[in-house]
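J.: Have a peek at data-v6.cif (mmCIF, C-alpha atoms).
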```
data_data
#
loop_
_atom_site.group_PDB
_atom_site.id
_atom_site.type_symbol
_atom_site.label_atom_id
_atom_site.label_comp_id
_atom_site.auth_asym_id
_atom_site.auth_seq_id
_atom_site.Cartn_x
_atom_site.Cartn_y
_atom_site.Cartn_z
ATOM 1 C CA MET Q 151 -29.392 -12.132 -22.282
ATOM 2 C CA ASN Q 152 -30.543 -15.732 -22.570
ATOM 3 C CA MET Q 153 -31.586 -16.887 -19.119
ATOM 4 C CA ASN Q 154 -32.276 -20.447 -20.237
ATOM 5 C CA GLY Q 155 -28.891 -21.970 -19.526
ATOM 6 C CA PRO Q 156 -25.332 -21.475 -20.671
ATOM 7 C CA LEU Q 157 -24.656 -19.394 -23.744
ATOM 8 C CA TYR Q 158 -23.034 -20.810 -26.851
ATOM 9 C CA HIS Q 159 -21.118 -18.606 -29.273
ATOM 10 C CA ASP Q 160 -24.170 -18.605 -31.570
ATOM 11 C CA ASP Q 161 -26.325 -17.113 -28.782
ATOM 12 C CA ILE Q 162 -24.166 -14.143 -27.854
ATOM 13 C CA GLU Q 163 -24.874 -10.637 -29.065
ATOM 14 C CA VAL Q 164 -22.873 -7.450 -28.842
ATOM 15 C CA GLY Q 165 -24.361 -5.308 -26.098
ATOM 16 C CA THR Q 166 -25.185 -8.161 -23.737
ATOM 17 C CA THR Q 167 -24.466 -6.845 -20.241
ATOM 18 C CA PHE Q 168 -24.049 -8.284 -16.776
ATOM 19 C CA THR Q 169 -23.557 -7.115 -13.212
ATOM 20 C CA THR Q 170 -21.986 -9.377 -10.615
ATOM 21 C CA GLY Q 171 -22.495 -9.686 -6.903
ATOM 22 C CA HIS Q 172 -20.251 -7.929 -4.372
ATOM 23 C CA TYR Q 173 -16.971 -8.822 -2.689
ATOM 24 C CA ILE Q 174 -15.665 -7.286 0.523
ATOM 25 C CA LEU Q 175 -11.889 -6.944 0.505
ATOM 26 C CA THR Q 176 -10.323 -7.087 3.957
ATOM 27 C CA GLN Q 177 -6.901 -5.851 5.013
ATOM 28 C CA GLU Q 178 -6.097 -9.402 6.078
ATOM 29 C CA GLU Q 179 -6.824 -10.732 2.590
ATOM 30 C CA ILE Q 180 -4.841 -7.933 0.897
ATOM 31 C CA ILE Q 181 -1.813 -8.784 3.008
ATOM 32 C CA GLY Q 182 -2.298 -12.530 2.617
ATOM 33 C CA PHE Q 183 -2.524 -12.447 -1.161
ATOM 34 C CA ALA Q 184 0.381 -10.032 -1.515
ATOM 35 C CA SER Q 185 2.605 -11.904 0.920
ATOM 36 C CA ARG Q 186 2.316 -14.893 -1.359
ATOM 37 C CA TYR Q 187 2.263 -13.327 -4.825
ATOM 38 C CA ASP Q 188 3.187 -9.625 -4.728
ATOM 39 C CA PRO Q 189 5.375 -9.108 -1.662
ATOM 40 C CA GLN Q 190 5.980 -5.368 -1.745
ATOM 41 C CA PRO Q 191 5.629 -3.076 1.300
ATOM 42 C CA PHE Q 192 2.687 -1.074 -0.089
ATOM 43 C CA HIS Q 193 0.713 -4.346 -0.301
ATOM 44 C CA THR Q 194 1.908 -6.084 2.876
ATOM 45 C CA ASP Q 195 2.774 -3.492 5.538
ATOM 46 C CA PRO Q 196 0.239 -0.763 6.436
ATOM 47 C CA GLU Q 197 2.856 1.393 8.185
ATOM 48 C CA ALA Q 198 5.533 1.153 5.486
ATOM 49 C CA ALA Q 199 2.827 1.711 2.830
ATOM 50 C CA ARG Q 200 2.198 5.227 4.172
ATOM 51 C CA HIS Q 201 5.597 6.294 2.886
ATOM 52 C CA THR Q 202 5.093 4.983 -0.672
ATOM 53 C CA LEU Q 203 3.376 6.266 -3.814
ATOM 54 C CA PHE Q 204 0.150 4.686 -2.534
ATOM 55 C CA GLY Q 205 0.120 6.596 0.760
ATOM 56 C CA GLY Q 206 -1.319 3.586 2.568
ATOM 57 C CA LEU Q 207 -2.022 -0.112 2.160
ATOM 58 C CA ALA Q 208 -3.283 -0.965 -1.345
ATOM 59 C CA GLY Q 209 -4.346 -4.267 -2.859
ATOM 60 C CA SER Q 210 -2.203 -5.848 -5.557
ATOM 61 C CA GLY Q 211 -3.600 -5.321 -9.052
ATOM 62 C CA TRP Q 212 -3.341 -9.088 -9.537
ATOM 63 C CA HIS Q 213 -5.536 -9.525 -6.484
ATOM 64 C CA THR Q 214 -8.114 -7.169 -8.014
ATOM 65 C CA ALA Q 215 -7.951 -9.235 -11.204
ATOM 66 C CA ALA Q 216 -8.441 -12.481 -9.283
ATOM 67 C CA ILE Q 217 -11.439 -11.108 -7.353
ATOM 68 C CA THR Q 218 -12.910 -9.804 -10.606
ATOM 69 C CA MET Q 219 -12.653 -13.317 -12.040
ATOM 70 C CA LYS Q 220 -14.334 -14.841 -8.994
ATOM 71 C CA LEU Q 221 -17.217 -12.392 -9.235
ATOM 72 C CA MET Q 222 -17.644 -13.078 -12.959
ATOM 73 C CA VAL Q 223 -17.513 -16.859 -12.556
ATOM 74 C CA GLU Q 224 -20.173 -16.653 -9.858
ATOM 75 C CA ARG Q 225 -22.472 -14.282 -11.711
ATOM 76 C CA GLY Q 226 -21.321 -12.972 -15.058
ATOM 77 C CA LEU Q 227 -21.827 -14.226 -18.585
ATOM 78 C CA GLU Q 228 -22.934 -17.823 -18.171
ATOM 79 C CA LEU Q 229 -20.906 -19.308 -20.998
ATOM 80 C CA ALA Q 230 -21.101 -22.899 -22.202
ATOM 81 C CA GLY Q 231 -17.783 -24.513 -21.375
ATOM 82 C CA GLY Q 232 -16.965 -21.900 -18.746
ATOM 83 C CA MET Q 233 -15.126 -18.610 -18.766
ATOM 84 C CA ILE Q 234 -11.882 -19.240 -20.646
ATOM 85 C CA GLY Q 235 -9.639 -16.313 -21.533
ATOM 86 C CA ALA Q 236 -7.180 -16.313 -24.420
ATOM 87 C CA GLY Q 237 -5.785 -12.925 -23.469
ATOM 88 C CA CYS Q 238 -6.705 -9.521 -22.133
ATOM 89 C CA GLU Q 239 -5.838 -5.916 -21.496
ATOM 90 C CA LEU Q 240 -5.961 -4.553 -17.964
ATOM 91 C CA THR Q 241 -5.675 -1.142 -16.359
ATOM 92 C CA TRP Q 242 -5.715 -0.234 -12.683
ATOM 93 C CA PRO Q 243 -6.739 3.437 -12.538
ATOM 94 C CA VAL Q 244 -6.805 3.583 -8.728
ATOM 95 C CA PRO Q 245 -5.809 0.978 -6.128
ATOM 96 C CA THR Q 246 -8.122 -1.073 -3.960
ATOM 97 C CA ARG Q 247 -8.077 -0.369 -0.221
ATOM 98 C CA PRO Q 248 -8.874 -2.383 2.914
ATOM 99 C CA GLY Q 249 -12.629 -2.537 3.427
ATOM 100 C CA ASP Q 250 -13.522 -1.893 -0.212
ATOM 101 C CA THR Q 251 -16.664 -3.553 -1.526
ATOM 102 C CA LEU Q 252 -16.105 -4.492 -5.169
ATOM 103 C CA HIS Q 253 -18.415 -5.500 -7.975
ATOM 104 C CA VAL Q 254 -18.064 -5.888 -11.728
ATOM 105 C CA GLU Q 255 -20.130 -4.484 -14.589
ATOM 106 C CA GLY Q 256 -19.489 -5.936 -18.020
ATOM 107 C CA GLU Q 257 -20.572 -5.948 -21.634
ATOM 108 C CA VAL Q 258 -19.947 -7.994 -24.758
ATOM 109 C CA ILE Q 259 -18.299 -5.576 -27.196
ATOM 110 C CA GLU Q 260 -17.452 -7.918 -30.077
ATOM 111 C CA VAL Q 261 -18.495 -11.328 -31.360
ATOM 112 C CA THR Q 262 -15.899 -12.632 -33.783
ATOM 113 C CA PRO Q 263 -17.665 -14.587 -36.557
ATOM 114 C CA LEU Q 264 -17.218 -18.342 -36.279
ATOM 115 C CA ALA Q 265 -14.826 -19.765 -38.825
ATOM 116 C CA PRO Q 266 -16.383 -22.557 -40.932
ATOM 117 C CA GLY Q 267 -15.932 -25.963 -39.360
ATOM 118 C CA ARG Q 268 -14.539 -24.617 -36.093
ATOM 119 C CA LYS Q 269 -16.029 -25.863 -32.844
ATOM 120 C CA ARG Q 270 -15.407 -22.631 -30.968
ATOM 121 C CA GLY Q 271 -14.917 -18.940 -31.477
ATOM 122 C CA LEU Q 272 -13.987 -15.756 -29.703
ATOM 123 C CA ILE Q 273 -15.982 -13.001 -28.096
ATOM 124 C CA THR Q 274 -14.600 -9.807 -26.559
ATOM 125 C CA MET Q 275 -15.886 -8.639 -23.209
ATOM 126 C CA ARG Q 276 -15.182 -5.327 -21.501
ATOM 127 C CA SER Q 277 -15.635 -4.990 -17.767
ATOM 128 C CA GLU Q 278 -15.148 -2.430 -15.052
ATOM 129 C CA THR Q 279 -14.505 -3.397 -11.455
ATOM 130 C CA LYS Q 280 -15.841 -0.692 -9.171
ATOM 131 C CA ASN Q 281 -15.594 0.057 -5.481
ATOM 132 C CA GLN Q 282 -18.391 1.152 -3.135
ATOM 133 C CA ASP Q 283 -18.088 4.746 -4.394
ATOM 134 C CA GLY Q 284 -18.503 3.707 -8.032
ATOM 135 C CA VAL Q 285 -14.827 4.421 -8.710
ATOM 136 C CA VAL Q 286 -13.285 2.126 -11.318
ATOM 137 C CA VAL Q 287 -10.368 0.188 -9.818
ATOM 138 C CA GLN Q 288 -9.838 -2.051 -12.855
ATOM 139 C CA THR Q 289 -10.788 -2.149 -16.499
ATOM 140 C CA LEU Q 290 -10.528 -5.444 -18.357
ATOM 141 C CA VAL Q 291 -10.956 -6.193 -22.038
ATOM 142 C CA ALA Q 292 -10.776 -9.953 -22.491
ATOM 143 C CA LYS Q 293 -10.994 -12.328 -25.418
ATOM 144 C CA LEU Q 294 -12.967 -15.383 -24.360
ATOM 145 C CA VAL Q 295 -13.165 -18.775 -26.036
ATOM 146 C CA VAL Q 296 -16.768 -19.961 -26.427
ATOM 147 C CA PRO Q 297 -17.991 -23.198 -27.993
ATOM 148 C CA ARG Q 298 -20.330 -23.299 -30.990
ATOM 149 C CA ARG Q 299 -23.748 -24.782 -30.259
ATOM 150 C CA PRO Q 300 -23.606 -28.526 -30.969
ATOM 151 C CA GLU Q 301 -25.524 -29.673 -34.067
ATOM 152 C CA MET N 31 21.841 -3.424 -16.001
ATOM 153 C CA ASN N 32 22.878 -1.337 -13.030
ATOM 154 C CA MET N 33 23.687 -3.715 -10.200
ATOM 155 C CA ASN N 34 24.346 -0.931 -7.700
ATOM 156 C CA GLY N 35 20.895 -0.640 -6.168
ATOM 157 C CA PRO N 36 17.404 0.149 -7.356
ATOM 158 C CA LEU N 37 16.908 1.703 -10.773
ATOM 159 C CA TYR N 38 15.384 5.119 -11.272
ATOM 160 C CA HIS N 39 13.634 6.066 -14.486
ATOM 161 C CA ASP N 40 16.778 7.955 -15.555
ATOM 162 C CA ASP N 41 18.841 4.748 -15.286
ATOM 163 C CA ILE N 42 16.719 2.446 -17.413
ATOM 164 C CA GLU N 43 17.571 1.614 -21.007
ATOM 165 C CA VAL N 44 15.637 -0.188 -23.683
ATOM 166 C CA GLY N 45 17.056 -3.677 -24.019
ATOM 167 C CA THR N 46 17.715 -4.216 -20.317
ATOM 168 C CA THR N 47 16.869 -7.866 -19.653
ATOM 169 C CA PHE N 48 16.269 -10.066 -16.630
ATOM 170 C CA THR N 49 15.649 -13.702 -15.787
ATOM 171 C CA THR N 50 13.909 -14.692 -12.575
ATOM 172 C CA GLY N 51 14.263 -17.715 -10.352
ATOM 173 C CA HIS N 52 11.961 -20.728 -10.622
ATOM 174 C CA TYR N 53 8.587 -21.622 -9.108
ATOM 175 C CA ILE N 54 7.191 -25.132 -8.807
ATOM 176 C CA LEU N 55 3.418 -25.208 -9.277
ATOM 177 C CA THR N 56 1.716 -28.027 -7.417
ATOM 178 C CA GLN N 57 -1.724 -29.487 -8.050
ATOM 179 C CA GLU N 58 -2.653 -28.515 -4.498
ATOM 180 C CA GLU N 59 -1.822 -24.866 -5.170
ATOM 181 C CA ILE N 60 -3.657 -24.834 -8.521
ATOM 182 C CA ILE N 61 -6.800 -26.130 -6.814
ATOM 183 C CA GLY N 62 -6.384 -23.846 -3.806
ATOM 184 C CA PHE N 63 -6.005 -20.659 -5.843
ATOM 185 C CA ALA N 64 -8.828 -21.554 -8.203
ATOM 186 C CA SER N 65 -11.198 -22.602 -5.441
ATOM 187 C CA ARG N 66 -10.885 -19.102 -4.066
ATOM 188 C CA TYR N 67 -10.643 -16.963 -7.217
ATOM 189 C CA ASP N 68 -11.485 -18.962 -10.364
ATOM 190 C CA PRO N 69 -13.776 -21.792 -9.299
ATOM 191 C CA GLN N 70 -14.294 -23.658 -12.555
ATOM 192 C CA PRO N 71 -14.019 -27.467 -12.905
ATOM 193 C CA PHE N 72 -10.979 -27.405 -15.209
ATOM 194 C CA HIS N 73 -9.075 -25.570 -12.448
ATOM 195 C CA THR N 74 -10.445 -27.329 -9.350
ATOM 196 C CA ASP N 75 -11.370 -30.931 -10.222
ATOM 197 C CA PRO N 76 -8.800 -33.175 -11.960
ATOM 198 C CA GLU N 77 -11.423 -35.741 -13.006
ATOM 199 C CA ALA N 78 -13.979 -33.243 -14.311
ATOM 200 C CA ALA N 79 -11.162 -31.343 -16.058
ATOM 201 C CA ARG N 80 -10.507 -34.339 -18.319
ATOM 202 C CA HIS N 81 -13.821 -33.724 -20.046
ATOM 203 C CA THR N 82 -13.203 -30.029 -20.773
ATOM 204 C CA LEU N 83 -11.322 -28.049 -23.419
ATOM 205 C CA PHE N 84 -8.181 -28.399 -21.274
ATOM 206 C CA GLY N 85 -8.264 -32.216 -21.185
ATOM 207 C CA GLY N 86 -6.986 -32.197 -17.609
ATOM 208 C CA LEU N 87 -6.350 -29.938 -14.642
ATOM 209 C CA ALA N 88 -4.960 -26.538 -15.695
ATOM 210 C CA GLY N 89 -3.912 -23.551 -13.634
ATOM 211 C CA SER N 90 -5.966 -20.361 -13.784
ATOM 212 C CA GLY N 91 -4.417 -17.702 -15.993
ATOM 213 C CA TRP N 92 -4.744 -15.299 -13.056
ATOM 214 C CA HIS N 93 -2.693 -17.725 -11.000
ATOM 215 C CA THR N 94 -0.003 -17.724 -13.690
ATOM 216 C CA ALA N 95 -0.069 -13.920 -13.613
ATOM 217 C CA ALA N 96 0.254 -13.867 -9.817
ATOM 218 C CA ILE N 97 3.197 -16.304 -9.855
ATOM 219 C CA THR N 98 4.839 -14.238 -12.601
ATOM 220 C CA MET N 99 4.566 -11.173 -10.359
ATOM 221 C CA LYS N 100 6.072 -13.021 -7.409
ATOM 222 C CA LEU N 101 9.019 -14.160 -9.485
ATOM 223 C CA MET N 102 9.593 -10.650 -10.835
ATOM 224 C CA VAL N 103 9.356 -9.011 -7.400
ATOM 225 C CA GLU N 104 11.899 -11.474 -6.049
ATOM 226 C CA ARG N 105 14.340 -11.192 -8.945
ATOM 227 C CA GLY N 106 13.357 -8.978 -11.851
ATOM 228 C CA LEU N 107 13.996 -5.333 -12.603
ATOM 229 C CA GLU N 108 15.004 -3.835 -9.276
ATOM 230 C CA LEU N 109 13.051 -0.604 -9.570
ATOM 231 C CA ALA N 110 13.203 2.290 -7.138
ATOM 232 C CA GLY N 111 9.812 2.499 -5.478
ATOM 233 C CA GLY N 112 8.941 -1.092 -6.365
ATOM 234 C CA MET N 113 7.192 -2.751 -9.256
ATOM 235 C CA ILE N 114 4.020 -0.744 -9.850
ATOM 236 C CA GLY N 115 1.901 -1.464 -12.905
ATOM 237 C CA ALA N 116 -0.440 1.044 -14.508
ATOM 238 C CA GLY N 117 -1.802 -1.481 -16.960
ATOM 239 C CA CYS N 118 -0.854 -4.436 -19.118
ATOM 240 C CA GLU N 119 -1.664 -6.844 -21.896
ATOM 241 C CA LEU N 120 -1.663 -10.575 -21.211
ATOM 242 C CA THR N 121 -1.923 -13.715 -23.284
ATOM 243 C CA TRP N 122 -2.007 -17.313 -22.126
ATOM 244 C CA PRO N 123 -0.924 -19.384 -25.145
ATOM 245 C CA VAL N 124 -1.005 -22.709 -23.269
ATOM 246 C CA PRO N 125 -2.180 -23.534 -19.751
ATOM 247 C CA THR N 126 -0.013 -24.369 -16.765
ATOM 248 C CA ARG N 127 -0.205 -27.924 -15.424
ATOM 249 C CA PRO N 128 0.398 -29.538 -12.031
ATOM 250 C CA GLY N 129 4.125 -29.993 -11.471
ATOM 251 C CA ASP N 130 5.200 -27.260 -13.890
ATOM 252 C CA THR N 131 8.353 -25.342 -13.029
ATOM 253 C CA LEU N 132 7.925 -21.746 -14.161
ATOM 254 C CA HIS N 133 10.326 -18.878 -14.662
ATOM 255 C CA VAL N 134 10.123 -15.470 -16.309
ATOM 256 C CA GLU N 135 12.340 -13.816 -18.888
ATOM 257 C CA GLY N 136 11.826 -10.112 -19.477
ATOM 258 C CA GLU N 137 13.074 -7.052 -21.297
ATOM 259 C CA VAL N 138 12.513 -3.309 -21.225
ATOM 260 C CA ILE N 139 11.036 -2.468 -24.627
ATOM 261 C CA GLU N 140 10.266 1.227 -24.181
ATOM 262 C CA VAL N 141 11.279 4.081 -21.909
ATOM 263 C CA THR N 142 8.750 6.906 -22.168
ATOM 264 C CA PRO N 143 10.590 10.242 -21.882
ATOM 265 C CA LEU N 144 10.046 11.984 -18.569
ATOM 266 C CA ALA N 145 7.727 14.959 -18.766
ATOM 267 C CA PRO N 146 9.303 18.176 -17.442
ATOM 268 C CA GLY N 147 8.736 18.611 -13.726
ATOM 269 C CA ARG N 148 7.198 15.177 -13.211
ATOM 270 C CA LYS N 149 8.530 13.030 -10.402
ATOM 271 C CA ARG N 150 7.920 9.757 -12.202
ATOM 272 C CA GLY N 151 7.542 8.267 -15.641
ATOM 273 C CA LEU N 152 6.598 5.096 -17.462
ATOM 274 C CA ILE N 153 8.588 2.237 -18.882
ATOM 275 C CA THR N 154 7.219 -0.700 -20.854
ATOM 276 C CA MET N 155 8.381 -4.204 -20.050
ATOM 277 C CA ARG N 156 7.681 -7.367 -22.004
ATOM 278 C CA SER N 157 7.987 -10.736 -20.315
ATOM 279 C CA GLU N 158 7.445 -14.380 -21.103
ATOM 280 C CA THR N 159 6.623 -16.918 -18.435
ATOM 281 C CA LYS N 160 7.935 -20.317 -19.487
ATOM 282 C CA ASN N 161 7.527 -23.854 -18.206
ATOM 283 C CA GLN N 162 10.249 -26.465 -17.796
ATOM 284 C CA ASP N 163 10.105 -27.274 -21.518
ATOM 285 C CA GLY N 164 10.638 -23.658 -22.504
ATOM 286 C CA VAL N 165 7.027 -23.363 -23.643
ATOM 287 C CA VAL N 166 5.532 -19.907 -23.117
ATOM 288 C CA VAL N 167 2.510 -20.095 -20.802
ATOM 289 C CA GLN N 168 2.056 -16.328 -20.512
ATOM 290 C CA THR N 169 3.159 -13.187 -22.282
ATOM 291 C CA LEU N 170 2.892 -9.885 -20.466
ATOM 292 C CA VAL N 171 3.463 -6.354 -21.723
ATOM 293 C CA ALA N 172 3.222 -4.004 -18.761
ATOM 294 C CA LYS N 173 3.502 -0.267 -18.271
ATOM 295 C CA LEU N 174 5.357 0.387 -15.026
ATOM 296 C CA VAL N 175 5.541 3.587 -12.997
ATOM 297 C CA VAL N 176 9.140 4.448 -12.048
ATOM 298 C CA PRO N 177 10.348 7.468 -10.051
ATOM 299 C CA ARG N 178 12.789 10.005 -11.421
ATOM 300 C CA ARG N 179 16.157 10.070 -9.644
ATOM 301 C CA PRO N 180 15.953 12.632 -6.825
ATOM 302 C CA GLU N 181 17.956 15.825 -7.402
#
```
Here is the file; what I need is its structure written in the form of C-alpha cells.
T.:
Amino acid sequence: MNMNGPLYHDDIEVGTTFTTGHYILTQEEIIGFASRYDPQPFHTDPEAARHTLFGGLAGSGWHTAAITMKLMVERGLELAGGMIGAGCELTWPVPTRPGDTLHVEGEVIEVTPLAPGRKRGLITMRSETKNQDGVVVQTLVAKLVVPRRPE
Amino acid sequence: MNMNGPLYHDDIEVGTTFTTGHYILTQEEIIGFASRYDPQPFHTDPEAARHTLFGGLAGSGWHTAAITMKLMVERGLELAGGMIGAGCELTWPVPTRPGDTLHVEGEVIEVTPLAPGRKRGLITMRSETKNQDGVVVQTLVAKLVVPRRPE
C-alpha cells in the first residue's frame, strides 16, 4: 500500500489490505442510536430484549455499519477524494453486544479498469468487522468511486 | 396486506407493498451523524463540500440507510418479532441534501419456503427511499428473518 498520501484509482492494486483501529461499543450508545434510527425492543430495552430472538440487547446492524464506516474513514484505504460508496452488500452474521470492541479488516478485491476519458473509476473492497473474540459481526462488499490521478 | 396484527412468515405474500411516513433531513442532522460516523468534508462542512464530487453538503449513505430503517420500523411491514435483517444490498444513486423530505416505498419480492421444523424463515424485501421530488436516493434489497406462526 502506498504510504505517500492518498491513493488515486491508478495506484490501487487488488490485494491491498488494511486494518483499522478499535471502537468500544457501549450499551448507552446502542440504545441511543437505536432509539433514533432502529427503535425496536431488542435494540433499546435490555429487559425486553431477553425475550426476543437475540436473547439480550443487540446493536442495530445499521449501527454496526456506521461504526465500520467511522473506523475505515479514520484508518482504512486512504483514497483521494475520500471514501465514497456507490453501493454495497452487507451481512450481519451475529449481532454486536454492549461492551464489544470492534475493528475492521479489509482488502481490495477488484479494480475496475478506467474507461477512456473518465475522471474516476470503481474499485471493490471487501471488509469484515470483528469483535474482541475475532467473530465477524458484519461483512461488507462495497463499490467505491475513486478519482483518476490528475495529468 | 393483513391489517389484523403482526405478520408471521405464513401470512406474507409476494407483492405485498407498503409506504412509510416522511422524514425531514436537516443540515444539522446530516453534520451531526457524519461527525460521529462518517467524518468526511462533503458530509460535515458545507463550504468544503462545494469543492468535492458532491458539489455541496450531502448526507452519508449510512445516514440514509438509518433513516430508511426508522421509517420502516414506524410504518412498514408489521412483522411478528420485529424487522430483523440477515443481510442486504444497497445502492445510493444520488445523495441526500439538507432539507430533503424522505419516504420509503417497499414490496415483498420473495418468500423463501419454510424448512420443515424450523421456527422461522426468510423473506426478501425491496425498497426505494425517495426524496420530495420522487428521486430515488437509496435502493435496498434485504433478507428478513420472520417467525413461523405458532401452532
J.: Of the candidates N:Thr56, N:Gln168, N:Thr121, N:Thr126, which shows the shortest atom-to-atom distance to chain Q, using only C-alpha atoms?
T.: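 Using only C-alpha atoms, the shortest distance to chain Q belongs to N:Thr121.
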J.: Let me know the residues the PyMOL selection byres ((chain N) within 9 of (chain Q)) catches in the file above, as an MDAnalysis selection string.
T.: chainID N and resid 64 66:72 82:83 91:93 95:104 111:124
J.: As JSON, what would the box around range 284-287 of chain Q look like: edges along x, y and z, 3 Å added on every side, centre and edge lengths in Å to one decimal?
T.:
```
{"center_x": -14.4, "center_y": 2.3, "center_z": -9.7, "size_x": 14.1, "size_y": 10.2, "size_z": 9.3}
```
J.: Nearest to Gln162 in chain N: which of N:Leu87, N:Ile42, N:Ile54, N:Leu107 is it, counting all atoms listed in the file?
T.: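 The shortest atom-to-atom distance to Gln162 in chain N comes from N:Ile54.
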J.: Between Q:Val296, Q:Val254, Q:Ile181, Q:Ile259, which is the closest to Ser277 in chain Q once you count all atoms listed in the file?
T.: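 Among Q:Val296, Q:Val254, Q:Ile181, Q:Ile259, it is Q:Val254 that comes nearest to Ser277 in chain Q.
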J.: Just how far from CA of Glu179 in chain Q is CA of Asp283 in chain Q, in Å to one decimal?
T.: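 Going from CA of Asp283 in chain Q over to CA of Glu179 in chain Q, I get 20.4 Å.
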J.: If you measure from CA of Glu278 in chain Q to CA of Leu157 in chain Q, what distance in Å do you get, rounded to one decimal?
T.: 21.3 Å
J.: Can you give me, as a ChimeraX atom specification, the residues this file yields under the PyMOL selection byres ((chain Q and resi 169) around 6)?
T.: /Q:168,170,254-255
J.: Just the number, please: distance in Å from CA of Val167 in chain N to CA of Ala88 in chain N, one decimal.
T.: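 Going from CA of Val167 in chain N over to CA of Ala88 in chain N covers 11.1 Å.
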J.: Could you check which of Q:Lys280, Q:Arg298, Q:Arg225, Q:His193 is closest to His253 in chain Q, using only C-alpha atoms?
T.: Q:Lys280
J.: Quick one: of N:Val44, N:Ala110, N:Leu132, N:Val138, who's nearest to Gly164 in chain N, counting all atoms listed in the file?
T.: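 That would be N:Leu132, the residue with the smallest distance to Gly164 in chain N.
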J.: Considering only C-alpha atoms, state which residue in the set N:Glu108, N:Asn161, N:Pro180, N:Leu174 is at the smallest distance from Arg127 in chain N.
T.: N:Asn161
J.: As a CSV table (one decimal) with C-alpha atoms, in the frame of the given file, please: the residues near Thr262 in chain Q (cut-off 8 Å, all atoms listed in the file, same-chain neighbours under 2 positions excluded).
T.:
```
chain,number,residue,atom,x,y,z
Q,260,GLU,CA,-17.5,-7.9,-30.1
Q,264,LEU,CA,-17.2,-18.3,-36.3
Q,271,GLY,CA,-14.9,-18.9,-31.5
Q,272,LEU,CA,-14.0,-15.8,-29.7
Q,273,ILE,CA,-16.0,-13.0,-28.1
Q,274,THR,CA,-14.6,-9.8,-26.6
```
